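Content type compact mmCIF, N, CA, C and O atoms, from the file start_19.txt:
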# COMPACT_ATOMS: atom_id res chain seq x y z
N MET A 1 42.84 13.71 42.80
CA MET A 1 44.22 13.38 42.55
C MET A 1 44.77 14.30 41.46
O MET A 1 44.14 14.50 40.43
N GLN A 2 45.95 14.86 41.69
CA GLN A 2 46.58 15.77 40.72
C GLN A 2 47.53 14.99 39.81
O GLN A 2 48.34 14.19 40.30
N PRO A 3 47.42 15.20 38.49
CA PRO A 3 48.34 14.51 37.56
C PRO A 3 49.80 14.85 37.89
O PRO A 3 50.12 15.97 38.28
N PHE A 4 50.68 13.89 37.69
CA PHE A 4 52.10 14.03 38.00
C PHE A 4 52.72 15.23 37.30
O PHE A 4 53.52 15.97 37.88
N ALA A 5 52.38 15.46 36.02
CA ALA A 5 52.99 16.54 35.24
C ALA A 5 52.72 17.91 35.83
O ALA A 5 53.52 18.84 35.70
N LEU A 6 51.59 18.09 36.51
CA LEU A 6 51.27 19.40 37.07
C LEU A 6 52.19 19.79 38.21
O LEU A 6 52.28 20.96 38.58
N ASN A 7 52.88 18.83 38.79
CA ASN A 7 53.85 19.16 39.84
C ASN A 7 55.04 19.91 39.26
O ASN A 7 55.76 20.61 39.98
N TYR A 8 55.30 19.77 37.97
CA TYR A 8 56.48 20.35 37.34
C TYR A 8 56.13 21.38 36.26
O TYR A 8 57.02 21.98 35.67
N ALA A 9 54.87 21.58 35.98
CA ALA A 9 54.46 22.52 34.93
C ALA A 9 54.77 23.95 35.37
O ALA A 9 54.57 24.33 36.51
N ARG A 10 55.29 24.72 34.41
CA ARG A 10 55.58 26.13 34.65
C ARG A 10 54.99 26.94 33.51
O ARG A 10 54.92 26.46 32.38
N PRO A 11 54.60 28.17 33.76
CA PRO A 11 54.10 29.01 32.67
C PRO A 11 55.20 29.28 31.65
O PRO A 11 56.38 29.35 32.01
N ALA A 12 54.83 29.40 30.40
CA ALA A 12 55.80 29.69 29.34
C ALA A 12 56.41 31.07 29.56
O ALA A 12 55.74 32.02 29.94
N VAL A 13 57.71 31.15 29.34
CA VAL A 13 58.43 32.41 29.49
C VAL A 13 58.33 33.18 28.18
O VAL A 13 58.63 32.64 27.11
N LYS A 14 57.90 34.42 28.26
CA LYS A 14 57.79 35.27 27.07
C LYS A 14 59.14 35.95 26.87
O LYS A 14 59.59 36.72 27.72
N LEU A 15 59.81 35.65 25.77
CA LEU A 15 61.12 36.23 25.48
C LEU A 15 60.95 37.57 24.78
O LEU A 15 60.09 37.73 23.92
N GLU A 16 61.79 38.50 25.15
CA GLU A 16 61.81 39.80 24.49
C GLU A 16 62.71 39.69 23.28
O GLU A 16 63.93 39.67 23.39
N ALA A 17 62.13 39.59 22.11
CA ALA A 17 62.91 39.48 20.89
C ALA A 17 62.25 40.32 19.80
O ALA A 17 61.03 40.36 19.69
N THR A 18 63.07 40.98 19.03
CA THR A 18 62.56 41.74 17.90
C THR A 18 63.23 41.21 16.64
O THR A 18 64.38 40.81 16.66
N THR A 19 62.49 41.20 15.58
CA THR A 19 63.05 40.75 14.31
C THR A 19 63.29 41.96 13.43
O THR A 19 62.47 42.89 13.41
N PRO A 20 64.40 41.98 12.71
CA PRO A 20 64.70 43.11 11.85
C PRO A 20 64.00 43.04 10.49
O PRO A 20 64.42 43.69 9.54
N TYR A 21 62.96 42.23 10.40
CA TYR A 21 62.22 42.09 9.16
C TYR A 21 60.74 41.96 9.47
O TYR A 21 60.34 41.71 10.60
N ALA A 22 59.93 42.14 8.42
CA ALA A 22 58.48 42.01 8.57
C ALA A 22 57.93 41.30 7.33
O ALA A 22 58.54 41.34 6.26
N TYR A 23 56.79 40.66 7.49
CA TYR A 23 56.17 39.94 6.37
C TYR A 23 55.45 40.92 5.47
O TYR A 23 54.65 41.73 5.93
N ASP A 24 55.74 40.85 4.17
CA ASP A 24 55.06 41.67 3.16
C ASP A 24 54.07 40.77 2.44
O ASP A 24 54.46 39.88 1.68
N SER A 25 52.77 40.99 2.66
CA SER A 25 51.77 40.10 2.07
C SER A 25 51.68 40.27 0.56
O SER A 25 51.28 39.34 -0.14
N GLY A 26 52.05 41.42 0.03
CA GLY A 26 52.04 41.61 -1.42
C GLY A 26 53.12 40.78 -2.11
O GLY A 26 52.88 40.15 -3.14
N LEU A 27 54.31 40.78 -1.55
CA LEU A 27 55.42 39.99 -2.10
C LEU A 27 55.39 38.56 -1.60
O LEU A 27 56.04 37.69 -2.16
N GLN A 28 54.70 38.32 -0.49
CA GLN A 28 54.69 37.04 0.20
C GLN A 28 56.09 36.62 0.61
O GLN A 28 56.50 35.47 0.49
N LEU A 29 56.83 37.60 1.10
CA LEU A 29 58.21 37.40 1.56
C LEU A 29 58.44 38.24 2.81
O LEU A 29 57.73 39.21 3.05
N ASN A 30 59.46 37.87 3.55
CA ASN A 30 59.91 38.73 4.64
C ASN A 30 60.85 39.77 4.06
O ASN A 30 61.75 39.43 3.29
N VAL A 31 60.64 41.03 4.41
CA VAL A 31 61.48 42.11 3.91
C VAL A 31 62.07 42.87 5.09
O VAL A 31 61.47 42.97 6.15
N LEU A 32 63.27 43.39 4.87
CA LEU A 32 63.91 44.23 5.86
C LEU A 32 63.21 45.59 5.86
O LEU A 32 62.47 45.92 4.94
N PHE A 33 63.45 46.38 6.88
CA PHE A 33 62.77 47.66 6.99
C PHE A 33 63.20 48.65 5.91
O PHE A 33 62.50 49.62 5.66
N ASP A 34 64.33 48.39 5.25
CA ASP A 34 64.73 49.26 4.14
C ASP A 34 64.19 48.75 2.80
O ASP A 34 64.49 49.31 1.75
N GLY A 35 63.39 47.67 2.81
CA GLY A 35 62.73 47.18 1.60
C GLY A 35 63.40 46.01 0.92
O GLY A 35 62.85 45.41 0.01
N ARG A 36 64.61 45.64 1.35
CA ARG A 36 65.30 44.50 0.73
C ARG A 36 64.71 43.19 1.22
O ARG A 36 64.17 43.11 2.31
N VAL A 37 64.82 42.14 0.38
CA VAL A 37 64.33 40.81 0.75
C VAL A 37 65.22 40.25 1.86
O VAL A 37 66.44 40.20 1.73
N ALA A 38 64.61 39.83 2.95
CA ALA A 38 65.36 39.36 4.12
C ALA A 38 66.18 38.11 3.82
O ALA A 38 67.26 37.94 4.37
N ALA A 39 65.69 37.24 2.96
CA ALA A 39 66.40 35.99 2.67
C ALA A 39 67.71 36.22 1.91
O ALA A 39 68.54 35.33 1.83
N ARG A 40 67.90 37.42 1.38
CA ARG A 40 69.14 37.72 0.66
C ARG A 40 70.19 38.38 1.55
O ARG A 40 71.29 38.64 1.10
N ASP A 41 69.85 38.66 2.78
CA ASP A 41 70.78 39.28 3.71
C ASP A 41 71.54 38.16 4.43
O ASP A 41 71.06 37.58 5.40
N LEU A 42 72.73 37.87 3.95
CA LEU A 42 73.51 36.75 4.49
C LEU A 42 73.89 36.94 5.95
O LEU A 42 73.91 35.98 6.72
N ALA A 43 74.15 38.17 6.36
CA ALA A 43 74.49 38.42 7.76
C ALA A 43 73.30 38.10 8.67
O ALA A 43 73.46 37.51 9.73
N LEU A 44 72.11 38.47 8.24
CA LEU A 44 70.91 38.16 9.01
C LEU A 44 70.69 36.65 9.10
O LEU A 44 70.37 36.12 10.15
N LEU A 45 70.88 35.95 7.99
CA LEU A 45 70.70 34.50 8.00
C LEU A 45 71.71 33.80 8.90
O LEU A 45 71.38 32.85 9.60
N ARG A 46 72.96 34.29 8.90
CA ARG A 46 73.98 33.71 9.79
C ARG A 46 73.62 33.96 11.25
O ARG A 46 73.79 33.10 12.10
N GLU A 47 73.10 35.15 11.54
CA GLU A 47 72.79 35.51 12.92
C GLU A 47 71.55 34.80 13.44
O GLU A 47 71.54 34.28 14.55
N SER A 48 70.51 34.76 12.64
CA SER A 48 69.24 34.22 13.13
C SER A 48 68.99 32.78 12.71
O SER A 48 68.21 32.08 13.32
N GLY A 49 69.61 32.34 11.64
CA GLY A 49 69.43 30.97 11.17
C GLY A 49 68.21 30.79 10.30
O GLY A 49 68.05 29.76 9.67
N THR A 50 67.33 31.79 10.25
CA THR A 50 66.10 31.66 9.47
C THR A 50 65.43 33.02 9.31
O THR A 50 65.72 33.95 10.05
N THR A 51 64.52 33.10 8.35
CA THR A 51 63.66 34.28 8.24
C THR A 51 62.23 33.81 8.06
O THR A 51 61.44 34.43 7.38
N THR A 52 61.89 32.70 8.68
CA THR A 52 60.55 32.12 8.51
C THR A 52 59.49 32.98 9.17
O THR A 52 59.62 33.37 10.32
N SER A 53 58.44 33.26 8.45
CA SER A 53 57.30 33.99 9.03
C SER A 53 56.31 32.98 9.58
O SER A 53 56.44 31.78 9.38
N THR A 54 55.29 33.47 10.23
CA THR A 54 54.25 32.58 10.76
C THR A 54 53.07 32.48 9.81
O THR A 54 52.02 32.00 10.18
N ALA A 55 53.23 32.94 8.58
CA ALA A 55 52.11 32.96 7.64
C ALA A 55 51.52 31.57 7.42
O ALA A 55 50.31 31.41 7.39
N GLY A 56 52.34 30.55 7.25
CA GLY A 56 51.79 29.23 7.00
C GLY A 56 52.34 28.17 7.91
O GLY A 56 51.98 27.01 7.83
N SER A 57 53.23 28.55 8.81
CA SER A 57 53.91 27.55 9.61
C SER A 57 53.01 26.85 10.61
O SER A 57 53.35 25.81 11.14
N LYS A 58 51.84 27.39 10.85
CA LYS A 58 50.94 26.72 11.79
C LYS A 58 50.24 25.53 11.12
O LYS A 58 49.70 24.66 11.79
N THR A 59 50.25 25.48 9.79
CA THR A 59 49.59 24.38 9.10
C THR A 59 50.57 23.53 8.29
O THR A 59 50.25 22.41 7.95
N HIS A 60 51.75 24.07 7.98
CA HIS A 60 52.73 23.33 7.18
C HIS A 60 54.05 23.28 7.93
O HIS A 60 54.64 24.31 8.20
N PHE A 61 54.53 22.09 8.23
CA PHE A 61 55.73 21.95 9.00
C PHE A 61 56.97 22.34 8.20
O PHE A 61 58.02 22.60 8.76
N ASP A 62 56.90 22.40 6.87
CA ASP A 62 58.09 22.64 6.06
C ASP A 62 58.17 24.06 5.53
O ASP A 62 58.94 24.34 4.64
N ASP A 63 57.42 25.01 6.07
CA ASP A 63 57.49 26.41 5.62
C ASP A 63 58.80 27.03 6.02
O ASP A 63 59.35 26.79 7.02

Would you write out, as structure tokens, the structure that this file holds?
Amino acid sequence: MQPFALNYARPAVKLEATTPYAYDSGLQLNVLFDGRVAARDLALLRESGTTTSTAGSKTHFDD
């Protein structure tokens, strides 16, 4: 017998997205490619809503 949910399960869609920032482990912050702190770029925050990295978000829900 096949579980009901498997009738509707679909593979996850991989979205093509690039972020204009990268995590700097020395600063422990996300930085833009020109070296500025990403959290200080108000236009980026308005556009993306966040600059959260995956550094700790897998273990802490409030990162």

List as a ChimeraX atom specification the protein and nucleic acid residues near stretch 32-40 of chain A, meaning an atom at most 8 Å away when only C-alpha atoms are counted, but skip any in the same chain fewer than 5 places from it. /A:20-22,45,51

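Distance-wise, atom C of A:Leu29 and atom CA of A:Leu44 end up 13.9 Å apart.
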
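Take atom C of A:Ala17 and atom CA of A:Leu42: the distance between them is 19.3 Å.
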
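The coordinates place atom O of A:Leu15 at 15.2 Å from atom O of A:Glu47.
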
Box for stretch 45-48 of chain A - axis-aligned, 3 Å on each of the six sides, all listed atoms - centre and size in Å to one decimal, as AutoDock Vina command-line options.
--center_x 71.1 --center_y 34.0 --center_z 11.3 --size_x 11.8 --size_y 9.9 --size_z 12.6
